[in-house]
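J.: Before I ask anything, let me first share the structure, which is written out below as structure tokens.
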Amino acid sequence: MKDSYMDPGTPDCRSAMRYLWWLITSQRRRIAAGALLGSAWMLCLTLPPYLLSRAIDDGLEPGQQSALVGWVAALLGVGVLNAWLAIMRHRTMTRVRLDAAFRSVQVVVMQATRLGGALPRRVTAGEVVTIGFGDVAVIANTLTITGPGVGAVLAYVVVAALLLTVSPLLAVVVLLGVPLLAVLVGPLLGRLQGVEATYREQQGGLAARFEDIVGGLRVLNGIGGKEVYAERYRRGSRTLQAEGYRVGAVTSWIQALGVGLPTLFLGAVTWLAARMAAQQAITLGELVAVYGYVAVLVVPVSFFIEGGYDLSRGLVAARRVIRFLALEPDSVDRDAASDGPGSPSTLRDPASGVEVAPGRLTALVSARPSESAAVVDRLGRFVESAATWGAIRLDEIDLTHVRRRILVADNEADLFAGSLREVICGKWDRDEETIGRGVHAAMAQDIVRSLPDGLDSPVDAQGRNLSGGQRQRIRLVRTLLADPEVLLAVEPTSAVDAHTEAAISTRLRAARSGRTTVVTSTSPLLLDQADTVYYLVDGSVAAVGSHRELLDRQPGYRLLVSRSVDDDGHDRPDEGTVPPFQEAVR
């Protein structure tokens, strides 16, 4: 498993079966050891009936005490050996499953990282969670068939051969009966794949809906939409439950047949053997041996059925994984890609008419926050567009260079667990003086002072041990310490009070002096610091100028930045609330 931690390898995504085969070939030695131990364990299960028959025929029936003791000792030795083989088989197959699980998780996480900003547009977070936990566990469990599955085939052949020495008729019954059992279960395995695939799809969709509800819970409470979304979730949950019952119905039949059919088969063969013993066609010891052989055969037959069940579910899960792995990030022709302009240049968004001058603070204002956020997405190359940087289209610049030089600071950006210092510095090694300037610019000194160990205090994942305003300021500190060539900040002061916002606005301008900066906001405190303000109506530039110029000549702009009620006549949210509902669940 150490190898899978370091480098999981390149998965074969041509088909679900090829993906499973890649997981097998990635740990050939462990799989081979598991198959060997499983086969030895299965074969050893066939020895006790033979030894027991010899003890009866050679020792017990003729009264030979020494022969009886010898065969009983051999039976005890085989039992101890089989116990050891069972332990080692289980231990090895557990390692096989864990390796497959870790390897699959790694390739899923690496693909999510590779997709980057394209990920939320290609697949929901709920779907990723379902794949990373549920599907990966199912795939890992499927690899169990490589151990006892191989042994089951060998045990089947050995039992048939042993029965052939007792009675050709019994051997023929076994040779034909076991495949017949597989044929009876086969149609159910095909149906299981269909209902399992539907269930997995609905499960991913419901997980995504739950994530949307949690993400916008505060807003839902504020506008009275919580019950509406809760009812939608309940309906989806009932639909998923019904689909789960269908999966359960098929699964219960497969598992019932997996236990019942081998037992019925055991009864039929034992009855046939008993009749042959009554007719003195076989000895009493051979009758006991036949019963033992067929009883042992129940184990490999059950593994056949269970293996088919696991493989059916594993193929469904593997198809979902390879479909995710087949997604491509926002691409660019590498042969034609450039590193971008060599000097500070103007960013242009033809769709809206916004032009961001280099080295200046530009603000985007819109009655619909989604419109200004869409401009940021295009200028940050998170969606396909005709945006340009200088004389070069953004989509013709190597994406790595775009991400390195242009930073989109989203108001809901993730905060990872770690010390406060690690959270705000990220991959950059910043000295205390630089960190202090960033903390001061974001008005976050009180956060550092309030934590028991200052910058070395732990921060929970997503900053759950911080308030909304504190999280926003921590994000701003992280953004400023990144010091990008171009900063595109979405609503950087929406969750702080007016006094804090005024100070941040002034300090942000000073901290980014001479650097290209874009902010989206309707706050007059922040807009008053901007060199240029673009007023957007229906996603396009309606007016451009300084904040005070637009106040004088644009009534719509003046109403937007100074009003106390929103477009629907409701009271405007207090400082510290999250953006409107449609933006929070966008």
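Chain lettering (A, B, ...) mirrors the order of the structure tokens, residue numbering begins at 1 for each chain separately, and ligand numbering begins at 1 in order of display.
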Which polymer residues have any atom within 10 Å of an atom of Arg512 (chain A), counting only C-alpha atoms, with same-chain residues fewer than 5 positions away left out, as number ranges by chain?
T.: A: 359-361, 441, 480, 483-487, 507, 517
J.: Report the distance between CA of Glu243 (chain A) and CA of Val316 (chain A) in Å, rounded to one decimal place.
T.: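 Computing it gives 15.3 Å between the two atoms.
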J.: Could you tell me which of A:Ala318, A:Val296, A:Leu154, A:Val496 comes closest to Gly132 (chain A) if we count only C-alpha atoms?
T.: A:Ala318
J.: So that I can see what lies close to region 84-88 of chain A, please list as a short mmCIF file (atom, residue, chain, number, x, y, z; two decimals) with all heavy atoms, in the first residue's frame the residues with an atom at most 12 Å from it, counting only C-alpha atoms and leaving out residues fewer than 2 positions away in the same chain.
T.:
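Output below, filename out-v3.cif:
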data_model
loop_
_atom_site.label_atom_id
_atom_site.label_comp_id
_atom_site.auth_asym_id
_atom_site.auth_seq_id
_atom_site.Cartn_x
_atom_site.Cartn_y
_atom_site.Cartn_z
N ARG A 30 0.59 -9.17 -4.49
CA ARG A 30 -0.37 -9.35 -3.40
C ARG A 30 -1.58 -10.14 -3.88
O ARG A 30 -2.11 -10.99 -3.16
CB ARG A 30 -0.78 -7.98 -2.85
CG ARG A 30 -1.56 -8.08 -1.55
CD ARG A 30 -1.89 -6.71 -0.99
NE ARG A 30 -0.69 -6.03 -0.55
CZ ARG A 30 -0.26 -4.88 -1.04
NH1 ARG A 30 -0.92 -4.30 -2.02
NH2 ARG A 30 0.82 -4.31 -0.56
N ALA A 33 -0.53 -13.73 -4.14
CA ALA A 33 -0.46 -14.34 -2.80
C ALA A 33 -1.86 -14.64 -2.28
O ALA A 33 -2.10 -15.71 -1.69
CB ALA A 33 0.27 -13.40 -1.85
N GLY A 34 -2.78 -13.71 -2.49
CA GLY A 34 -4.16 -13.94 -2.05
C GLY A 34 -4.80 -15.11 -2.77
O GLY A 34 -5.51 -15.92 -2.16
N ALA A 35 -4.55 -15.20 -4.08
CA ALA A 35 -5.10 -16.32 -4.86
C ALA A 35 -4.50 -17.64 -4.39
O ALA A 35 -5.20 -18.66 -4.30
CB ALA A 35 -4.85 -16.10 -6.35
N LEU A 36 -3.20 -17.64 -4.12
CA LEU A 36 -2.53 -18.86 -3.66
C LEU A 36 -3.06 -19.30 -2.30
O LEU A 36 -3.39 -20.49 -2.09
CB LEU A 36 -1.02 -18.63 -3.59
CG LEU A 36 -0.17 -19.81 -3.12
CD1 LEU A 36 -0.31 -20.98 -4.09
CD2 LEU A 36 1.30 -19.40 -2.98
N LEU A 37 -3.16 -18.36 -1.37
CA LEU A 37 -3.67 -18.69 -0.04
C LEU A 37 -5.14 -19.12 -0.10
O LEU A 37 -5.55 -20.05 0.59
CB LEU A 37 -3.50 -17.49 0.89
CG LEU A 37 -2.07 -17.14 1.29
CD1 LEU A 37 -2.01 -15.79 1.97
CD2 LEU A 37 -1.49 -18.22 2.20
N GLY A 38 -5.93 -18.38 -0.95
CA GLY A 38 -7.34 -18.75 -1.08
C GLY A 38 -7.51 -20.13 -1.68
O GLY A 38 -8.38 -20.90 -1.25
N SER A 39 -6.69 -20.44 -2.67
CA SER A 39 -6.78 -21.76 -3.30
C SER A 39 -6.37 -22.86 -2.33
O SER A 39 -7.03 -23.91 -2.24
CB SER A 39 -5.88 -21.79 -4.55
OG SER A 39 -6.29 -20.81 -5.49
N ALA A 40 -5.27 -22.62 -1.60
CA ALA A 40 -4.81 -23.62 -0.63
C ALA A 40 -5.85 -23.84 0.46
O ALA A 40 -6.10 -24.98 0.89
CB ALA A 40 -3.48 -23.17 -0.01
N TRP A 41 -6.49 -22.74 0.89
CA TRP A 41 -7.53 -22.84 1.92
C TRP A 41 -8.72 -23.65 1.41
O TRP A 41 -9.23 -24.55 2.10
CB TRP A 41 -7.96 -21.44 2.33
CG TRP A 41 -9.14 -21.40 3.25
CD1 TRP A 41 -9.19 -21.84 4.53
CD2 TRP A 41 -10.44 -20.87 2.95
NE1 TRP A 41 -10.44 -21.63 5.06
CE2 TRP A 41 -11.22 -21.02 4.10
CE3 TRP A 41 -11.00 -20.26 1.83
CZ2 TRP A 41 -12.55 -20.61 4.16
CZ3 TRP A 41 -12.32 -19.86 1.89
CH2 TRP A 41 -13.08 -20.02 3.03
N MET A 42 -9.16 -23.34 0.20
CA MET A 42 -10.28 -24.06 -0.39
C MET A 42 -9.95 -25.55 -0.57
O MET A 42 -10.78 -26.43 -0.29
CB MET A 42 -10.65 -23.46 -1.74
CG MET A 42 -11.43 -22.15 -1.63
SD MET A 42 -13.16 -22.45 -1.27
CE MET A 42 -13.82 -20.82 -1.54
N LEU A 43 -8.76 -25.84 -1.07
CA LEU A 43 -8.38 -27.23 -1.30
C LEU A 43 -8.27 -27.99 0.01
O LEU A 43 -8.63 -29.18 0.08
CB LEU A 43 -7.06 -27.29 -2.07
CG LEU A 43 -7.10 -26.77 -3.51
CD1 LEU A 43 -5.72 -26.82 -4.14
CD2 LEU A 43 -8.09 -27.60 -4.35
N CYS A 44 -7.76 -27.33 1.04
CA CYS A 44 -7.65 -27.99 2.34
C CYS A 44 -9.01 -28.31 2.94
O CYS A 44 -9.15 -29.23 3.76
CB CYS A 44 -6.84 -27.13 3.31
SG CYS A 44 -5.05 -27.25 3.04
N LEU A 45 -10.04 -27.53 2.53
CA LEU A 45 -11.39 -27.83 3.00
C LEU A 45 -11.88 -29.17 2.48
O LEU A 45 -12.77 -29.81 3.09
CB LEU A 45 -12.36 -26.72 2.55
CG LEU A 45 -12.24 -25.36 3.23
CD1 LEU A 45 -13.23 -24.37 2.61
CD2 LEU A 45 -12.48 -25.46 4.73
N GLY A 77 -4.29 -32.10 12.22
CA GLY A 77 -3.26 -31.29 11.57
C GLY A 77 -3.79 -30.47 10.42
O GLY A 77 -3.43 -29.29 10.25
N VAL A 78 -4.68 -31.07 9.63
CA VAL A 78 -5.28 -30.34 8.50
C VAL A 78 -6.14 -29.19 9.01
O VAL A 78 -6.15 -28.09 8.44
CB VAL A 78 -6.11 -31.30 7.63
CG1 VAL A 78 -6.97 -30.51 6.64
CG2 VAL A 78 -5.20 -32.25 6.88
N GLY A 79 -6.84 -29.41 10.14
CA GLY A 79 -7.67 -28.34 10.71
C GLY A 79 -6.83 -27.14 11.15
O GLY A 79 -7.19 -26.00 10.91
N VAL A 80 -5.68 -27.43 11.81
CA VAL A 80 -4.79 -26.34 12.23
C VAL A 80 -4.23 -25.60 11.02
O VAL A 80 -4.18 -24.36 10.99
CB VAL A 80 -3.65 -26.90 13.10
CG1 VAL A 80 -2.62 -25.81 13.40
CG2 VAL A 80 -4.20 -27.47 14.40
N LEU A 81 -3.79 -26.36 10.02
CA LEU A 81 -3.26 -25.74 8.80
C LEU A 81 -4.30 -24.87 8.12
O LEU A 81 -4.00 -23.75 7.69
CB LEU A 81 -2.79 -26.84 7.84
CG LEU A 81 -2.34 -26.36 6.44
CD1 LEU A 81 -1.13 -25.44 6.56
CD2 LEU A 81 -2.02 -27.56 5.54
N ASN A 82 -5.52 -25.35 8.06
CA ASN A 82 -6.57 -24.59 7.39
C ASN A 82 -6.90 -23.30 8.14
O ASN A 82 -7.22 -22.27 7.55
CB ASN A 82 -7.83 -25.45 7.23
CG ASN A 82 -8.47 -25.26 5.88
OD1 ASN A 82 -7.82 -24.84 4.92
ND2 ASN A 82 -9.75 -25.55 5.79
N HIS A 90 -7.39 -14.00 4.75
CA HIS A 90 -8.19 -12.82 5.10
C HIS A 90 -7.30 -11.58 5.24
O HIS A 90 -7.66 -10.50 4.78
CB HIS A 90 -8.94 -13.09 6.41
CG HIS A 90 -9.79 -11.93 6.85
ND1 HIS A 90 -10.97 -11.59 6.24
CD2 HIS A 90 -9.60 -11.00 7.82
CE1 HIS A 90 -11.49 -10.53 6.82
NE2 HIS A 90 -10.68 -10.15 7.79
N ARG A 91 -6.14 -11.76 5.85
CA ARG A 91 -5.23 -10.62 6.03
C ARG A 91 -4.76 -10.09 4.68
O ARG A 91 -4.74 -8.88 4.43
CB ARG A 91 -4.04 -11.05 6.88
CG ARG A 91 -3.02 -9.96 7.11
CD ARG A 91 -1.86 -10.46 7.97
NE ARG A 91 -2.31 -10.89 9.29
CZ ARG A 91 -1.51 -11.41 10.21
NH1 ARG A 91 -0.22 -11.61 9.93
NH2 ARG A 91 -1.98 -11.76 11.39
N THR A 92 -4.41 -11.00 3.79
CA THR A 92 -3.93 -10.58 2.47
C THR A 92 -5.02 -9.91 1.66
O THR A 92 -4.80 -8.87 1.03
CB THR A 92 -3.40 -11.80 1.69
OG1 THR A 92 -2.36 -12.43 2.45
CG2 THR A 92 -2.84 -11.37 0.34
N MET A 93 -6.23 -10.45 1.68
CA MET A 93 -7.33 -9.86 0.91
C MET A 93 -7.76 -8.51 1.49
O MET A 93 -8.21 -7.63 0.76
CB MET A 93 -8.52 -10.81 0.84
CG MET A 93 -8.24 -12.11 0.09
SD MET A 93 -7.35 -11.87 -1.47
CE MET A 93 -8.52 -10.86 -2.38
N THR A 94 -7.59 -8.33 2.80
CA THR A 94 -7.87 -7.01 3.39
C THR A 94 -6.89 -5.98 2.84
O THR A 94 -7.26 -4.85 2.51
CB THR A 94 -7.77 -7.07 4.92
OG1 THR A 94 -8.75 -7.99 5.42
CG2 THR A 94 -8.01 -5.70 5.54
N ARG A 95 -5.63 -6.38 2.72
CA ARG A 95 -4.63 -5.48 2.12
C ARG A 95 -4.95 -5.19 0.66
O ARG A 95 -4.76 -4.06 0.20
CB ARG A 95 -3.23 -6.10 2.24
CG ARG A 95 -2.70 -6.17 3.66
CD ARG A 95 -1.37 -6.91 3.69
NE ARG A 95 -0.82 -6.97 5.03
CZ ARG A 95 0.00 -6.07 5.56
NH1 ARG A 95 0.36 -5.03 4.84
NH2 ARG A 95 0.45 -6.20 6.80
N GLY A 147 -9.15 -13.69 -4.73
CA GLY A 147 -8.57 -14.64 -3.79
C GLY A 147 -9.38 -15.92 -3.71
O GLY A 147 -9.10 -16.91 -4.39
N PRO A 148 -10.43 -15.94 -2.88
CA PRO A 148 -11.26 -17.15 -2.77
C PRO A 148 -11.99 -17.48 -4.07
O PRO A 148 -12.39 -18.63 -4.27
CB PRO A 148 -12.26 -16.80 -1.66
CG PRO A 148 -12.25 -15.30 -1.60
CD PRO A 148 -10.87 -14.89 -1.96
N GLY A 151 -9.74 -19.85 -5.78
CA GLY A 151 -9.77 -21.09 -5.01
C GLY A 151 -11.06 -21.85 -5.17
O GLY A 151 -11.07 -23.09 -5.14
#
J.: If you run DSSP over the backbone, which residues in region 357-575 of chain A end up helix (DSSP H, G or I)? Put them as JSON, numbers by chain.
T.: {"A": [369, 370, 371, 372, 373, 374, 375, 376, 377, 378, 379, 394, 395, 396, 399, 400, 401, 402, 403, 404, 405, 420, 421, 422, 423, 424, 425, 432, 433, 434, 435, 436, 437, 438, 439, 440, 441, 445, 446, 447, 448, 449, 450, 454, 455, 456, 461, 462, 463, 468, 469, 470, 471, 472, 473, 474, 475, 476, 477, 478, 479, 480, 481, 482, 498, 499, 500, 501, 502, 503, 504, 505, 506, 507, 508, 509, 510, 511, 524, 525, 526, 527, 547, 548, 549, 550, 551, 552, 553, 555, 556, 557, 558, 559, 560, 561, 562]}
J.: Give the answer as one residue: which of A:Val150, A:Val136, A:Val383, A:Ala317 has the shortest atom-to-atom distance to Arg122 (chain A), using only C-alpha atoms?
T.: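 When distances to Arg122 (chain A) are compared using only C-alpha atoms, the smallest one comes from A:Val383.
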J.: Tell me, in Å to one decimal, how far CA of Asp460 (chain A) is from CA of Gly418 (chain A).
T.: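 Distance between the two atoms: 6.9 Å.
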J.: Given only C-alpha atoms as the basis, pick out the residue of A:Ser312, A:Gln202, A:Ser345, A:Thr500 nearest to Thr251 (chain A).
T.: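 Residue with the minimum atom-to-atom distance to Thr251 (chain A): A:Ser312.
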J.: Just want the 12 Å neighbourhood of Gln241 (chain A), counted on only C-alpha atoms, with same-chain residues fewer than 6 positions away dropped. Output as a short mmCIF file (atom, residue, chain, number, x, y, z; two decimals) with C-alpha atoms, in the first residue's frame.
T.:
data_model
loop_
_atom_site.label_atom_id
_atom_site.label_comp_id
_atom_site.auth_asym_id
_atom_site.auth_seq_id
_atom_site.Cartn_x
_atom_site.Cartn_y
_atom_site.Cartn_z
CA THR A 198 -30.12 4.09 -11.29
CA TYR A 199 -29.82 4.10 -7.51
CA ARG A 200 -26.25 5.45 -7.63
CA GLN A 202 -30.13 9.34 -7.78
CA GLN A 203 -27.97 9.08 -4.68
CA LEU A 206 -29.70 13.89 -3.69
CA TYR A 233 -35.36 16.99 -0.47
CA ARG A 234 -37.97 14.81 1.23
CA ARG A 235 -39.51 13.97 -2.15
CA VAL A 247 -32.09 -2.73 -5.27
CA GLY A 248 -32.77 -4.49 -1.97
#
J.: What's the separation between CA of Leu315 (chain A) and CA of Tyr19 (chain A), in Å to one decimal place?
T.: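 Here the two named atoms are 9.1 Å from each other.
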J.: Looking at only C-alpha atoms, which of A:Val157, A:Ala351, A:Ala67, A:Ala495 is the one that sits closest to Glu384 (chain A)?
T.: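 Closest residue, counting only C-alpha atoms: A:Ala351.
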J.: Leaving out Leu481 (chain A) and any residue of its chain fewer than 5 positions from it, which residues lie within 12 Å of it when counting only C-alpha atoms, given as JSON, numbers by chain?
T.: {"A": [407, 421, 422, 423, 424, 425, 426, 427, 428, 429, 430, 431, 432, 433, 434, 435, 436, 437, 438, 439, 440, 441, 442, 474, 475, 476, 487, 508, 511, 512]}
J.: Any chance you can output those residues with N, CA, C and O atoms as a short mmCIF file (atom, residue, chain, number, x, y, z; two decimals), in the first residue's frame?
T.:
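See selection15.cif below for the written result:
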data_model
loop_
_atom_site.label_atom_id
_atom_site.label_comp_id
_atom_site.auth_asym_id
_atom_site.auth_seq_id
_atom_site.Cartn_x
_atom_site.Cartn_y
_atom_site.Cartn_z
N LEU A 407 -5.61 35.77 -9.99
CA LEU A 407 -6.24 35.09 -8.86
C LEU A 407 -7.68 35.56 -8.71
O LEU A 407 -7.94 36.77 -8.57
N ARG A 421 -1.61 30.26 10.57
CA ARG A 421 -0.48 30.63 9.72
C ARG A 421 -0.52 29.83 8.42
O ARG A 421 -0.31 30.37 7.33
N GLU A 422 -0.78 28.52 8.52
CA GLU A 422 -0.83 27.69 7.32
C GLU A 422 -2.01 28.06 6.44
O GLU A 422 -1.92 28.04 5.21
N VAL A 423 -3.12 28.43 7.06
CA VAL A 423 -4.32 28.79 6.29
C VAL A 423 -4.09 30.04 5.46
O VAL A 423 -4.45 30.10 4.28
N ILE A 424 -3.47 31.06 6.05
CA ILE A 424 -3.33 32.32 5.34
C ILE A 424 -2.10 32.36 4.42
O ILE A 424 -2.10 33.09 3.43
N CYS A 425 -1.09 31.53 4.73
CA CYS A 425 0.11 31.54 3.87
C CYS A 425 0.02 30.54 2.73
O CYS A 425 0.63 30.75 1.67
N GLY A 426 -0.76 29.47 2.92
CA GLY A 426 -0.87 28.48 1.85
C GLY A 426 0.49 27.90 1.50
O GLY A 426 1.27 27.51 2.36
N LYS A 427 0.80 27.89 0.20
CA LYS A 427 2.07 27.31 -0.25
C LYS A 427 3.22 28.31 -0.20
O LYS A 427 4.36 27.96 -0.48
N TRP A 428 2.90 29.57 0.15
CA TRP A 428 3.95 30.59 0.16
C TRP A 428 4.59 30.68 1.55
O TRP A 428 3.92 30.59 2.57
N ASP A 429 5.88 30.89 1.57
CA ASP A 429 6.63 31.04 2.82
C ASP A 429 6.79 32.54 3.08
O ASP A 429 7.67 33.20 2.50
N ARG A 430 5.95 33.08 3.93
CA ARG A 430 5.96 34.52 4.21
C ARG A 430 6.58 34.79 5.59
O ARG A 430 6.33 34.05 6.54
N ASP A 431 7.34 35.87 5.66
CA ASP A 431 7.94 36.22 6.95
C ASP A 431 6.92 36.95 7.82
O ASP A 431 5.84 37.33 7.37
N GLU A 432 7.29 37.17 9.08
CA GLU A 432 6.36 37.76 10.04
C GLU A 432 5.93 39.17 9.63
O GLU A 432 4.78 39.56 9.81
N GLU A 433 6.86 39.92 9.06
CA GLU A 433 6.53 41.30 8.67
C GLU A 433 5.50 41.30 7.55
O GLU A 433 4.53 42.08 7.59
N THR A 434 5.67 40.44 6.55
CA THR A 434 4.72 40.37 5.45
C THR A 434 3.35 39.91 5.93
O THR A 434 2.31 40.45 5.53
N ILE A 435 3.35 38.90 6.82
CA ILE A 435 2.08 38.42 7.38
C ILE A 435 1.40 39.53 8.15
O ILE A 435 0.18 39.74 8.05
N GLY A 436 2.18 40.27 8.93
CA GLY A 436 1.60 41.38 9.70
C GLY A 436 0.95 42.42 8.81
O GLY A 436 -0.12 42.95 9.14
N ARG A 437 1.58 42.73 7.66
CA ARG A 437 0.98 43.71 6.73
C ARG A 437 -0.33 43.19 6.16
O ARG A 437 -1.30 43.94 6.04
N GLY A 438 -0.36 41.91 5.81
CA GLY A 438 -1.59 41.34 5.28
C GLY A 438 -2.70 41.32 6.30
O GLY A 438 -3.86 41.64 5.99
N VAL A 439 -2.37 40.95 7.53
CA VAL A 439 -3.37 40.93 8.61
C VAL A 439 -3.89 42.33 8.88
O VAL A 439 -5.09 42.55 9.07
N HIS A 440 -3.00 43.32 8.85
CA HIS A 440 -3.40 44.70 9.08
C HIS A 440 -4.31 45.20 7.96
O HIS A 440 -5.33 45.85 8.22
N ALA A 441 -3.97 44.89 6.73
CA ALA A 441 -4.78 45.36 5.60
C ALA A 441 -6.18 44.79 5.63
O ALA A 441 -7.15 45.46 5.23
N ALA A 442 -6.33 43.56 6.11
CA ALA A 442 -7.64 42.91 6.15
C ALA A 442 -8.36 43.14 7.48
O ALA A 442 -9.40 42.52 7.72
N ILE A 474 -10.16 36.42 6.94
CA ILE A 474 -9.07 35.45 6.80
C ILE A 474 -8.84 35.15 5.32
O ILE A 474 -7.70 35.04 4.85
N ARG A 475 -9.92 35.02 4.55
CA ARG A 475 -9.77 34.80 3.11
C ARG A 475 -9.08 35.98 2.45
O ARG A 475 -8.25 35.81 1.55
N LEU A 476 -9.40 37.18 2.91
CA LEU A 476 -8.78 38.37 2.34
C LEU A 476 -7.29 38.41 2.67
O LEU A 476 -6.46 38.78 1.82
N LEU A 487 -5.72 40.63 -9.33
CA LEU A 487 -6.63 40.11 -8.31
C LEU A 487 -8.06 40.44 -8.71
O LEU A 487 -8.39 41.60 -8.98
N LEU A 508 -7.06 48.12 1.60
CA LEU A 508 -6.96 47.28 0.41
C LEU A 508 -6.37 48.07 -0.75
O LEU A 508 -5.52 47.57 -1.50
N ALA A 511 -2.69 48.45 -0.04
CA ALA A 511 -1.95 47.19 -0.17
C ALA A 511 -1.78 46.77 -1.62
O ALA A 511 -0.78 46.13 -1.98
N ARG A 512 -2.73 47.13 -2.48
CA ARG A 512 -2.69 46.74 -3.88
C ARG A 512 -2.26 47.89 -4.79
O ARG A 512 -2.49 47.86 -6.00
#
J.: Using only C-alpha atoms, determine which residues lie at most 12 Å from region 300-303 of chain A, disregarding the query and same-chain residues fewer than 3 positions distant; provide the list as a PyMOL selection string.
T.: chain A and resi 38-39+41-43+45-46+142+144-159+174-175+177-182+185+254-266+293-297+306-311
